[in-house]
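Q: Mind having a look at this structure? Questions to follow.
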Amino acid sequence: MRVLALESSCDETSAAVVSGTATAPRLESLVILSQDVHRIFGGVVPEIASREHLTAIVPVVRQALSEAGIQLKAGGSRLKANGEPHGIDAIAVTHAPGLVGALLVGVSYAKALAAALEIPVIGVHHMEGHLFATALEHPAAVPPFTALLVSGGHTLLIDVEAWGQYRLLGATRDDAAGEAFDKVAKLLGLPYPGGRHVEALAREGDPTRFRFTRPMLNGGQRLGDPDYYDVSFSGLKTAVLLAVRGSDDLDRDRPHIARGFHDAIVDTLVAKTVRAAKAHGRTRIVLGGGVACNTTLATAMREAAAVVGGTVFAPTPRLATDNAAMIGAAALFHVERGVRHDASLNAHATRPIPGLIDATAPRR
Ligand code: KG4
Ligand code: ZN
């Protein structure tokens, strides 16, 4: 099975060719074009994102196909005379969640190409894609595991019992983790997107100078409490704002404030993730999303997980941030189970991750 996958939910236009099986996926090519233009505006401008996808999608797909040594032909799913498959067997595309105009570019393109090639199209949920990303690099990053997905738009703590069976344990009540990084970067006068700049600056900071309260984290929380797994970053952001306003020498204090923020967010994400792994008896923790590029977070997670005998898997930056390879890997799983979509496939700004099971159901 070989899948051409497309991703256009936000500000990355990406195409990948993924083959093999869901348990042993093989990445044949991956092209990611990040839209730099949004830096000027300090955030993603949806209308611009859609237009950029429109100009990028054809060359990005061509490049991904050429790197995988594939030439498209109408009816590409059919077998060659000698019985060997040629071309691609299905087209996978992110169809939710994301910016609807941006998603529509990928979905429309995928449907048209699938129709021309007479092969199926498979719509994939973007966050399910992030769950599959790490397994492309680490064959042991497979269920059951605890997943922490942290990006600019999402913060989700999920117990992955098996592929396709997800218990949503916790989420952010307000800002996503990456959004908090980006907003704090702005308060500190750092460029957008700010996550990696805040991480770098925090390394120079003194952890004792600014100690912010750990958001929604306290020893009194018990399993079953609504805030046991959830997180919230807006109060922490306000604490940073007050520290910035209260500083009489921001040049001196900037790294220390960054460090105080960074320590609070990392402590919170690590504590909640390890809680989830312990409660569900998982020995594997898988990180995903742009904030998983944060090596301080991955290191702290590894140290905390080691205490309870757990192993942490973090993808490299190109698979942590938005990419089509993860969409292809998730699609292989669905294709193997007979999932096929048709021309009625649509784009959705929000939609729950498929395969959600009751968080209170007995675990396997
Ligand atoms: O997954 P992603 O590429 O896009 C979506 O939001 O879906 O994630 C982008 C986010 C941004 O908020 C960016 O600041 C954050 O990931 N990020 C980081 C780091 N690198 C990227 N946050 C913290 N530390 C980093 N090193
Ligand atoms: Zn994402």
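Order determines the names: the first chain of the structure tokens is A, the second B, and so forth; residues in each chain are numbered 1 upward, and ligands are numbered 1 upward as they are shown.
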If you count only C-alpha atoms, which residues fall within 8 Å of range 219-235 of chain A, apart from same-chain ones fewer than 2 positions away, as a list of chain:residue names?

A: A:Leu157, A:Leu169, A:Gly170, A:Ala171, A:Thr172, A:Arg173, A:Asp174, A:Asp175, A:Ala176, A:Ala177, A:Ala180, A:Pro215, A:Met216, A:Leu217, A:Lys237, A:Thr238, A:Ala239, A:Ile265, A:Thr268, A:Leu269, A:Lys272, A:Thr273, A:Arg275, A:Ala276

Q: For the residues selected in the previous step, produce a file with C-alpha atoms as a PDB file, in the first residue's frame.

A:
ATOM      1  CA  LEU A 157      -3.564  14.583  26.961  1.00  0.00           C
ATOM      2  CA  LEU A 169      -8.085  12.691  29.499  1.00  0.00           C
ATOM      3  CA  GLY A 170      -7.341  16.396  29.582  1.00  0.00           C
ATOM      4  CA  ALA A 171      -7.072  19.540  27.509  1.00  0.00           C
ATOM      5  CA  THR A 172      -6.383  23.205  27.958  1.00  0.00           C
ATOM      6  CA  ARG A 173      -9.200  25.292  29.346  1.00  0.00           C
ATOM      7  CA  ASP A 174      -7.972  28.385  27.493  1.00  0.00           C
ATOM      8  CA  ASP A 175      -4.717  28.940  25.560  1.00  0.00           C
ATOM      9  CA  ALA A 176      -2.871  26.076  23.893  1.00  0.00           C
ATOM     10  CA  ALA A 177       0.693  25.527  25.150  1.00  0.00           C
ATOM     11  CA  ALA A 180       1.098  30.629  25.519  1.00  0.00           C
ATOM     12  CA  PRO A 215      -1.251  26.488  36.533  1.00  0.00           C
ATOM     13  CA  MET A 216      -3.947  24.051  37.678  1.00  0.00           C
ATOM     14  CA  LEU A 217      -1.400  21.950  39.503  1.00  0.00           C
ATOM     15  CA  LYS A 237       0.410  34.580  30.810  1.00  0.00           C
ATOM     16  CA  THR A 238      -1.063  37.331  32.999  1.00  0.00           C
ATOM     17  CA  ALA A 239       1.596  36.639  35.645  1.00  0.00           C
ATOM     18  CA  ILE A 265       4.787  25.317  31.886  1.00  0.00           C
ATOM     19  CA  THR A 268       2.778  21.399  34.669  1.00  0.00           C
ATOM     20  CA  LEU A 269       2.904  19.434  31.403  1.00  0.00           C
ATOM     21  CA  LYS A 272      -0.024  15.918  34.274  1.00  0.00           C
ATOM     22  CA  THR A 273       1.428  13.553  31.662  1.00  0.00           C
ATOM     23  CA  ARG A 275      -0.076  11.304  36.264  1.00  0.00           C
ATOM     24  CA  ALA A 276      -1.909   9.996  33.196  1.00  0.00           C
TER      25      ALA A 276
END

Q: Ligand 1: which residues are within 6 Å, counting only C-alpha atoms and all ligand atoms? Reply as a list of chain:residue names.

A: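 What falls inside 6 Å of ligand 1 is A:Ser151, A:Gly152, A:Gly153, A:Gly178, A:Glu179, A:Phe181, A:Asp182, A:Pro193, A:Gly194, A:Gly195, A:Arg196, A:Glu199, A:Gly289, A:Gly290, A:Val291, A:Cys293, A:Asn294, A:Thr321, A:Asp322.
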
Q: Could you pull out all residues of range 113-309 of chain A with a DSSP call of helix (DSSP H, G or I) and give them as number ranges by chain?

A: A: 113-117, 126-136, 177-187, 195-203, 234-246, 250-280, 290-293, 295-307

Q: Please identify every polymer residue within 12 Å of ligand 2, using only C-alpha atoms and all ligand atoms, and present the set as an MDAnalysis selection string.

A: chainID A and resid 7:14 94 96:99 125:133 149:156 176 178 288:292 317:324 326:327

Q: Can you spit out the residues from that selection as a short mmCIF file (atom, residue, chain, number, x, y, z; two decimals), in the first residue's frame, using C-alpha atoms?

A:
data_model
loop_
_atom_site.label_atom_id
_atom_site.label_comp_id
_atom_site.auth_asym_id
_atom_site.auth_seq_id
_atom_site.Cartn_x
_atom_site.Cartn_y
_atom_site.Cartn_z
CA GLU A 7 -1.56 18.59 4.89
CA SER A 8 -2.80 22.19 4.64
CA SER A 9 -4.68 22.85 7.89
CA CYS A 10 -2.71 25.88 9.03
CA ASP A 11 0.43 27.53 7.65
CA GLU A 12 2.39 24.54 6.34
CA THR A 13 1.78 23.13 2.86
CA SER A 14 3.05 19.59 2.98
CA THR A 94 -6.20 16.48 6.51
CA ALA A 96 -10.25 18.65 10.16
CA PRO A 97 -9.62 20.51 12.37
CA GLY A 98 -7.99 23.73 11.18
CA LEU A 99 -8.58 26.90 9.18
CA HIS A 125 -8.09 14.13 11.51
CA HIS A 126 -5.05 16.36 12.04
CA MET A 127 -4.62 15.47 15.74
CA GLU A 128 -4.83 11.74 15.01
CA GLY A 129 -2.01 12.39 12.53
CA HIS A 130 0.12 13.88 15.33
CA LEU A 131 -0.40 10.65 17.32
CA PHE A 132 1.11 8.61 14.44
CA ALA A 133 4.05 10.96 13.68
CA LEU A 149 -0.01 16.75 21.96
CA VAL A 150 1.13 20.34 22.34
CA SER A 151 0.93 22.76 19.44
CA GLY A 152 -0.04 26.33 18.64
CA GLY A 153 -3.70 25.35 18.48
CA HIS A 154 -4.06 22.34 20.80
CA THR A 155 -3.05 20.89 24.13
CA LEU A 156 -4.38 17.36 24.55
CA ALA A 176 -2.87 26.08 23.89
CA GLY A 178 2.24 26.85 21.92
CA GLY A 288 3.74 15.49 19.47
CA GLY A 289 2.98 18.94 18.07
CA GLY A 290 5.29 21.93 17.61
CA VAL A 291 6.00 22.36 21.33
CA ALA A 292 7.45 18.82 21.30
CA PRO A 317 11.20 18.83 14.62
CA ARG A 318 10.10 18.07 11.04
CA LEU A 319 7.70 15.38 12.28
CA ALA A 320 6.72 17.26 15.48
CA THR A 321 5.45 20.30 13.59
CA ASP A 322 2.72 20.04 10.96
CA ASN A 323 3.60 17.64 8.17
CA ALA A 324 1.92 15.29 5.69
CA MET A 326 1.86 11.79 9.86
CA ILE A 327 -1.36 12.11 7.83
#

Q: Figure out the distance between CA of Val31 in chain A and CA of Phe333 in chain A, please, to one decimal in Å.

A: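 For CA of Phe333 in chain A relative to CA of Val31 in chain A, the distance reads 21.5 Å.
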
Q: Where does DSSP see strand (DSSP E or B) in range 52-286 of chain A, if you list the residues as a ChimeraX atom specification?

A: /A:79,85,90-96,121-125,145-150,155-162,165-172,231,284-286

Q: Restricting it to C-alpha atoms, dump the selection as a PDB file, in the first residue's frame.

A:
ATOM      1  CA  LEU A  79      -1.537  -3.151 -11.557  1.00  0.00           C
ATOM      2  CA  PRO A  85       1.472  -2.005  -8.379  1.00  0.00           C
ATOM      3  CA  ALA A  90      -4.893   6.241  -2.158  1.00  0.00           C
ATOM      4  CA  ILE A  91      -4.728   9.945  -1.389  1.00  0.00           C
ATOM      5  CA  ALA A  92      -4.894  11.020   2.252  1.00  0.00           C
ATOM      6  CA  VAL A  93      -5.689  14.570   3.274  1.00  0.00           C
ATOM      7  CA  THR A  94      -6.201  16.481   6.512  1.00  0.00           C
ATOM      8  CA  HIS A  95      -9.887  17.434   6.531  1.00  0.00           C
ATOM      9  CA  ALA A  96     -10.247  18.645  10.162  1.00  0.00           C
ATOM     10  CA  VAL A 121      -9.456   9.593  -0.998  1.00  0.00           C
ATOM     11  CA  ILE A 122      -9.181   9.312   2.800  1.00  0.00           C
ATOM     12  CA  GLY A 123      -9.877  12.252   5.124  1.00  0.00           C
ATOM     13  CA  VAL A 124      -7.648  12.251   8.225  1.00  0.00           C
ATOM     14  CA  HIS A 125      -8.092  14.135  11.509  1.00  0.00           C
ATOM     15  CA  PHE A 145       0.891   4.865  25.304  1.00  0.00           C
ATOM     16  CA  THR A 146       0.141   8.201  26.911  1.00  0.00           C
ATOM     17  CA  ALA A 147       0.215  11.040  24.394  1.00  0.00           C
ATOM     18  CA  LEU A 148       0.842  14.699  25.054  1.00  0.00           C
ATOM     19  CA  LEU A 149      -0.015  16.752  21.959  1.00  0.00           C
ATOM     20  CA  VAL A 150       1.130  20.335  22.342  1.00  0.00           C
ATOM     21  CA  THR A 155      -3.046  20.888  24.133  1.00  0.00           C
ATOM     22  CA  LEU A 156      -4.379  17.357  24.549  1.00  0.00           C
ATOM     23  CA  LEU A 157      -3.564  14.583  26.961  1.00  0.00           C
ATOM     24  CA  ILE A 158      -4.733  11.290  25.470  1.00  0.00           C
ATOM     25  CA  ASP A 159      -4.528   7.675  26.547  1.00  0.00           C
ATOM     26  CA  VAL A 160      -3.957   5.694  23.359  1.00  0.00           C
ATOM     27  CA  GLU A 161      -5.118   2.192  24.142  1.00  0.00           C
ATOM     28  CA  ALA A 162      -4.727   1.034  20.536  1.00  0.00           C
ATOM     29  CA  GLN A 165      -9.032   3.971  20.392  1.00  0.00           C
ATOM     30  CA  TYR A 166      -8.416   7.212  22.195  1.00  0.00           C
ATOM     31  CA  ARG A 167      -9.368   8.342  25.691  1.00  0.00           C
ATOM     32  CA  LEU A 168      -9.274  12.100  25.929  1.00  0.00           C
ATOM     33  CA  LEU A 169      -8.085  12.691  29.499  1.00  0.00           C
ATOM     34  CA  GLY A 170      -7.341  16.396  29.582  1.00  0.00           C
ATOM     35  CA  ALA A 171      -7.072  19.540  27.509  1.00  0.00           C
ATOM     36  CA  THR A 172      -6.383  23.205  27.958  1.00  0.00           C
ATOM     37  CA  VAL A 231      -4.336  22.630  32.069  1.00  0.00           C
ATOM     38  CA  ARG A 284       5.443   4.711  26.987  1.00  0.00           C
ATOM     39  CA  ILE A 285       4.889   8.446  26.636  1.00  0.00           C
ATOM     40  CA  VAL A 286       4.697   9.950  23.145  1.00  0.00           C
TER      41      VAL A 286
END
